[in-house]
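All remarks here apply to the structure that follows.
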Amino acid sequence: LDLVDQLAVGDSFVVRPGEKIATDGEVTEGSSAVDASMLTGESVPVEVGPGDAVTGATVNAGGRLVVRATRVGSDTQLSQMARL
């Protein structure tokens with residue numbers, strides 16, 4: 001089973017440099033640049049740190065992050081955009 005299938009709201013997960021963020025969440029530890037170009041079209045990675053929201057399927061371009069899941073499955077921003 002994929003990690004994404006096992007995540008529930010409130011779960012924390014680690015995102016290492018170069019990995020995709022598994023689901024929408026809030027950064028609880030670490031800071032990094034996140035490449036959200038596939039969602040926003042913005043070519044410059046966005047700096048995130050504790051308290052910042054991140055979107056599933058975006059790519060962690062820099063440091064190690066710990067993220068607490070806020071939306072999973074069909075509730076995620078990417079799923080909602082796909083339905084539109």
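Ordered as shown in the structure tokens, chains take letters A, B, and onward, while each chain numbers its residues from 1 and ligands are numbered from 1 in the order shown.
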
* Asked: What lies within 12 Å of A:Val15 using only C-alpha atoms, ignoring chain neighbours under 4 positions off, as a ChimeraX atom specification?
  -> /A:3,19-23,25-34,54,56-69

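If you count only C-alpha atoms and ignore residues fewer than 3 places along the chain from A:Ser79, what sits within 12 Å of it is Thr23, Asp24, Leu39, Thr55, Gly56, Ala57, Arg71, Val72, Gly73, Ser74, Asp75, Thr76, Ala82, Arg83 and Leu84 of chain A.
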
For N, CA, C and O atoms, I'd like the residues from the last selection saved as a compact mmCIF listing (two decimals), in the first residue's frame.
```
# COMPACT_ATOMS: atom_id res chain seq x y z
N THR A 23 0.31 14.72 0.81
CA THR A 23 -1.05 15.24 0.86
C THR A 23 -1.02 16.66 1.40
O THR A 23 0.02 17.13 1.86
N ASP A 24 -2.14 17.36 1.34
CA ASP A 24 -2.19 18.72 1.85
C ASP A 24 -1.91 18.71 3.35
O ASP A 24 -2.37 17.80 4.07
N LEU A 39 0.94 23.32 -9.87
CA LEU A 39 -0.37 23.84 -9.43
C LEU A 39 -0.56 25.31 -9.77
O LEU A 39 -1.62 25.71 -10.22
N THR A 55 0.81 21.90 -0.22
CA THR A 55 -0.17 21.19 -1.04
C THR A 55 0.39 19.86 -1.50
O THR A 55 1.53 19.79 -1.95
N GLY A 56 -0.44 18.82 -1.41
CA GLY A 56 -0.03 17.51 -1.87
C GLY A 56 0.36 17.53 -3.33
O GLY A 56 -0.19 18.30 -4.13
N ALA A 57 1.33 16.70 -3.70
CA ALA A 57 1.85 16.52 -5.06
C ALA A 57 2.84 17.61 -5.47
O ALA A 57 3.43 17.51 -6.53
N ARG A 71 -5.69 17.61 4.89
CA ARG A 71 -6.70 17.09 3.96
C ARG A 71 -6.13 15.88 3.26
O ARG A 71 -4.97 15.90 2.84
N VAL A 72 -6.92 14.82 3.12
CA VAL A 72 -6.45 13.60 2.47
C VAL A 72 -7.47 13.15 1.42
O VAL A 72 -8.63 13.54 1.45
N GLY A 73 -7.00 12.31 0.51
CA GLY A 73 -7.88 11.71 -0.49
C GLY A 73 -8.58 12.74 -1.36
O GLY A 73 -7.96 13.67 -1.87
N SER A 74 -9.89 12.60 -1.52
CA SER A 74 -10.64 13.47 -2.43
C SER A 74 -10.83 14.87 -1.89
O SER A 74 -11.33 15.75 -2.59
N ASP A 75 -10.42 15.13 -0.64
CA ASP A 75 -10.53 16.47 -0.07
C ASP A 75 -9.36 17.38 -0.43
O ASP A 75 -9.40 18.58 -0.19
N THR A 76 -8.29 16.80 -1.03
CA THR A 76 -7.10 17.61 -1.27
C THR A 76 -7.34 18.63 -2.39
O THR A 76 -8.24 18.47 -3.22
N ALA A 82 -8.91 18.71 -10.02
CA ALA A 82 -9.12 17.70 -11.07
C ALA A 82 -10.60 17.54 -11.38
O ALA A 82 -10.98 17.30 -12.53
N ARG A 83 -11.43 17.69 -10.36
CA ARG A 83 -12.88 17.54 -10.57
C ARG A 83 -13.48 18.72 -11.35
O ARG A 83 -14.51 18.57 -11.98
N LEU A 84 -12.84 19.89 -11.26
CA LEU A 84 -13.40 21.08 -11.91
C LEU A 84 -13.35 20.98 -13.39
O LEU A 84 -13.00 20.82 -14.24
```

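In this model, the gap between atom CA of A:Glu42 and atom CA of A:Phe13 comes to 25.3 Å.
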
* To do: Among the residues of chain A, find those DSSP assigns to strand (DSSP E) from the backbone and print them as number ranges by chain.
  => A: 12-15, 24-29, 32-35, 46-48, 53-54, 59-60, 65-71

* Which of stretch 12-83 of chain A DSSP labels alpha helix (DSSP H), written as a list of chain:residue names ->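 Residues of stretch 12-83 of chain A classed as alpha helix (DSSP H): A:Ser37, A:Met38, A:Leu39, A:Thr40, A:Gln77, A:Leu78, A:Ser79, A:Gln80, A:Met81, A:Ala82, A:Arg83.
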
Keeping only N, CA, C and O atoms, take the residues you just selected and write them out as an mmCIF file, in the first residue's frame.
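Written output follows (out_25.cif):
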```
data_model
loop_
_atom_site.group_PDB
_atom_site.id
_atom_site.type_symbol
_atom_site.label_atom_id
_atom_site.label_comp_id
_atom_site.auth_asym_id
_atom_site.auth_seq_id
_atom_site.Cartn_x
_atom_site.Cartn_y
_atom_site.Cartn_z
ATOM 1 N N SER A 37 4.990 24.641 -8.966
ATOM 2 C CA SER A 37 4.737 25.110 -10.334
ATOM 3 C C SER A 37 3.644 24.316 -11.046
ATOM 4 O O SER A 37 2.898 24.876 -11.851
ATOM 5 N N MET A 38 3.519 23.024 -10.734
ATOM 6 C CA MET A 38 2.483 22.225 -11.413
ATOM 7 C C MET A 38 1.070 22.655 -11.005
ATOM 8 O O MET A 38 0.120 22.416 -11.727
ATOM 9 N N LEU A 39 0.935 23.325 -9.865
ATOM 10 C CA LEU A 39 -0.370 23.837 -9.430
ATOM 11 C C LEU A 39 -0.555 25.307 -9.767
ATOM 12 O O LEU A 39 -1.621 25.713 -10.215
ATOM 13 N N THR A 40 0.476 26.100 -9.512
ATOM 14 C CA THR A 40 0.335 27.554 -9.583
ATOM 15 C C THR A 40 0.867 28.158 -10.871
ATOM 16 O O THR A 40 0.514 29.281 -11.211
ATOM 17 N N GLN A 77 -6.516 19.662 -2.374
ATOM 18 C CA GLN A 77 -6.632 20.723 -3.382
ATOM 19 C C GLN A 77 -6.498 20.166 -4.782
ATOM 20 O O GLN A 77 -7.254 20.535 -5.688
ATOM 21 N N LEU A 78 -5.539 19.249 -5.003
ATOM 22 C CA LEU A 78 -5.323 18.678 -6.330
ATOM 23 C C LEU A 78 -6.550 17.895 -6.784
ATOM 24 O O LEU A 78 -6.983 18.021 -7.932
ATOM 25 N N SER A 79 -7.154 17.105 -5.900
ATOM 26 C CA SER A 79 -8.358 16.345 -6.248
ATOM 27 C C SER A 79 -9.513 17.275 -6.616
ATOM 28 O O SER A 79 -10.266 17.023 -7.547
ATOM 29 N N GLN A 80 -9.652 18.346 -5.838
ATOM 30 C CA GLN A 80 -10.730 19.305 -6.115
ATOM 31 C C GLN A 80 -10.517 19.988 -7.466
ATOM 32 O O GLN A 80 -11.470 20.171 -8.231
ATOM 33 N N MET A 81 -9.255 20.320 -7.770
ATOM 34 C CA MET A 81 -8.961 20.942 -9.074
ATOM 35 C C MET A 81 -9.234 19.968 -10.210
ATOM 36 O O MET A 81 -9.741 20.365 -11.256
ATOM 37 N N ALA A 82 -8.909 18.711 -10.022
ATOM 38 C CA ALA A 82 -9.119 17.704 -11.066
ATOM 39 C C ALA A 82 -10.598 17.540 -11.378
ATOM 40 O O ALA A 82 -10.976 17.296 -12.529
ATOM 41 N N ARG A 83 -11.430 17.687 -10.360
ATOM 42 C CA ARG A 83 -12.882 17.542 -10.567
ATOM 43 C C ARG A 83 -13.481 18.717 -11.351
ATOM 44 O O ARG A 83 -14.511 18.572 -11.983
#
```
